[in-house]
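These notes are about the structure you will find just below.
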Amino acid sequence: MIQLFNVSKHFGQNVALAGIDLKIRKGEFVFITGPSGAGKTTLLRLIFGSQSPSDGAILISGINLNRIRRAKLDLMRRRIGFVFQDFKLLEERSVFQNVALALEVIGERPSIIRKKTRQVLRAVGLGGKETLFPRELSGGEQQRIAIARAIINEPIILLADEPTGSLDPDITQEIMLLFRTINLRGTTVVFATHSRELLRDTDQRTVLLKKGHVEQETPPPPEGRP
Amino acid sequence: MIPRLWTYFLKRALSNILEQRFIQFISMGTITISFLLLGAFVLLVVNLNTWLMDWGQSLSMSVYLEDGISGKRKEEISEALKGIPGAELRGFISKEKAMEDLKEAFGAQAALLDGFKENPLPASFELLLLEKEFRNLAPDAVKDEIESLQGVEEVQYSEQWIERFEGFLYMIQAGGLIIGGLLCLAVLFITTNTIKLTIYARRDELEIYKLVGATDRFVKTPFLIEGAIQGFVGGATALAFLYGLYKLVSVKPLYASGFPVLKVVFLAPEIALSLIFLSLILGLIGGLIAVGRFFH
């Protein structure tokens with residue numbers, strides 16, 4: 001599903017990632033962890049294709065992102081959801097409009113947009129809050145809007161960059177449960193976090209990054225079990 | 001592209017314009033002024049051209065007679081003029097009629113002419129040589145031939161004046177091209193910068209669009225439409241103003257000494273539409289430059 005071969009990324013003299021080799025199977029749930037500046041966000045952006053590697057190759061479902069045309073990459077992104085710590089919501093748009101945006105950009109029919117948006121908002125626990133604006137909701141609810149927007153196109157991969165970083169522990173647990181539910185439905189989840197709390201009790205695969213290198217990696221769960 | 005996306009793009013473009021009302025108003029206002037100047041120049045050239053063509057259709061000659069010639073002599077001169085090939089005798093203007101015409105042309109200042117004890121204006125025959133004829137003739141030779149007739153004081157004809165006017169018109173056209181070019185560049189500059197401001201104000205939103213898989217075309221198209229709308233509104237408003245000004249000016253007929261009443265015409269529909277189309281295209285190009293620079 002996701003394959004990184006000797007991937008490096010430099011920003012001028014700064015090395016964000018150096019010689020990363022990583023394979024993530026379809027349907028896996030992988031934590032990418034490490035301290036701030038370890039390269040977690042850069043790794044997710046490279047997988048998303050919003051940045052290009054300085055060296056090496058990244059393959060998504062066998063497609064080399066270095067060789068794909070820009071227009072194709074845009075289309076491919078529709079199958080990759082991305083959730084951020086700061087939610088990245090449009091403040092002047094309602095909950096419904098924020099989520100529907102992901103369908104509008106692909107030219108979906110209005111009737112389908114209405115139906116799917118309501119469905120996905122119910123699925124993330126925001127049923128009945130369609131007309132509210134992000135500022136009227138709690139941090140956890142705002143993150144649910146972002147998750148709903150990321151999954152509405154039924155992505156094959158869901159990338160999450162510190163999505164619980166600004167949430168209190170109870171809300172964090174709710175959001176984690178939501179990610180696990182999405183993963184159980186078959187979506188590959190790559191979850192970047194520096195929270196030890198989150199990783200303490202998990203048996204999911206964890207990749208520890210340090211100064212742009214893979215410092216430690218727990219083995220993936222056996223085939224057939226995410 | 002899916003047709004319903006165009007509705008979406010149009011809505012986005014209009015929403016961009018409404019949300020940045022003040023900047024858009026300034027931008028469209030400046031485009032309007034630029035196109036008003038350009039349109040006024042085109043209107044001037046069109047009218048000068050029309051007048052020149054009207055006058056250039058024929059060569060008119062005024063054959064001025066000596067004072068106090070006999071009726072018989074006047075008749076002989078008239079017959080001689082009719083005998084010139086391609087010439088058409090348009091009429092005789094007596095001394096009294098010449099004074100009347102001059103007073104009419106002077107309008108409110110006609111009283112100035114009352115100071116003359118005697119009418120100083122000569123009687124004249126008005127002769128017209130049709131274009132196809134006089135182009136083959138040497139007007140100077142005709143002039144000399146008529147002036148040699150007894151009782152004829154002087155012959156004046158319009159071609160020399162038309163030649164000078166043509167030179168003046170070429171200068172106006174050349175000046176119009178240079179000024180028009182500069183105004184078009186100004187419109188491009190204004191549109192590009194206004195759209196850059198809109199894009200800058202919406203950069204977070206655009207980032208989110210890209211995150212959810214929007215293509216470049218999806219993100220850029222509303223800004224191109226915005227540019228085209230700016231150009232169109234600016235151009236159309238300028239023409240509306242110009243038409244209003246034309247209506248004000250064209251109420252009074254214009255006189256030019258020695259020539260018939262000047263009729264002011266407005267731009268032909270195809271020229272007016274071309275100007276609006278030009279403004280629309282300039283707005284679109286401005287949009288293209290802005291998105292090109294920003295997304296580069």
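Letters A, B, ... go to the chains of the structure tokens in the order shown; residues in each chain start at 1; ligands are counted from 1 in the same order.
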For Gln51 in chain A: contacts at 8 Å, only C-alpha atoms, fewer than 5 positions along chain excluded, given as a ChimeraX atom specification: /A:42,45-46
Keeping only C-alpha atoms, write those residues as an mmCIF file, in the first residue's frame.
data_model
loop_
_atom_site.group_PDB
_atom_site.id
_atom_site.type_symbol
_atom_site.label_atom_id
_atom_site.label_comp_id
_atom_site.auth_asym_id
_atom_site.auth_seq_id
_atom_site.Cartn_x
_atom_site.Cartn_y
_atom_site.Cartn_z
ATOM 1 C CA THR A 42 7.463 15.820 6.733
ATOM 2 C CA ARG A 45 3.448 15.361 3.677
ATOM 3 C CA LEU A 46 5.682 13.218 1.472
#
Residue list for chain A near chain B as an MDAnalysis selection string, 9 Å, only C-alpha atoms: chainID A and resid 48 50 70:82 88:90 101:109 149:150
Skip range 149-153 of chain B itself and residues of its chain fewer than 5 positions away, then list as a PDB file with N, CA and C atoms, in the first residue's frame all residues within 6 Å of it, counting only C-alpha atoms.
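As written to disk, result20.pdb reads:
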ATOM      1  N   TYR B  64     -15.033  82.368 -56.736  1.00  0.00           N
ATOM      2  CA  TYR B  64     -15.441  83.698 -56.286  1.00  0.00           C
ATOM      3  C   TYR B  64     -15.412  84.683 -57.463  1.00  0.00           C
ATOM      4  N   LEU B  65     -16.480  85.479 -57.551  1.00  0.00           N
ATOM      5  CA  LEU B  65     -16.633  86.402 -58.679  1.00  0.00           C
ATOM      6  C   LEU B  65     -16.239  87.818 -58.274  1.00  0.00           C
ATOM      7  N   GLU B  66     -15.822  88.538 -59.254  1.00  0.00           N
ATOM      8  CA  GLU B  66     -15.488  89.947 -58.994  1.00  0.00           C
ATOM      9  C   GLU B  66     -16.787  90.695 -58.701  1.00  0.00           C
TER      10      GLU B  66
END
Could you pull out all residues of range 37-225 of chain A with a DSSP call of strand (DSSP E or B) and give them as a ChimeraX atom specification? /A:55-60,63-64,80-84,157-161,188-193,205-210,213-217
Taking only C-alpha atoms into account, name the residue in B:Leu284, B:Leu48, B:Met28, B:Leu169 that is nearest to Phe223 in chain B. B:Leu284
Range 19-205 of chain A: which residues are helix (DSSP H, G or I) by DSSP, as a ChimeraX atom specification? /A:40-48,70-77,95-104,110-123,134-136,139-151,169-184,196-200
Please provide the set of residues having any atom within 9 Å of Ile199 in chain B, restricted to only C-alpha atoms, with same-chain residues fewer than 2 positions apart removed, written as a VMD selection string. chain B and resid 194 to 197 201 to 203 206 223 290 to 291 294
Applying 9 Å and only C-alpha atoms, which residues near Val214 in chain A remain after dropping the ones on its own chain fewer than 2 positions away? List them as a ChimeraX atom specification. /A:18-22,207-212,216-217
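One finds CA of Ser62 in chain B at 5.6 Å from CA of Val155 in chain B.
In terms of minimum interatomic distance to Ile47 in chain A, A:Gln3 ranks closest within A:Gln3, A:Gln13, A:Ser94, A:Asn183, counting only C-alpha atoms.
Interatomic distance, CA of Ile175 in chain A against CA of Arg144 in chain A: 7.4 Å.
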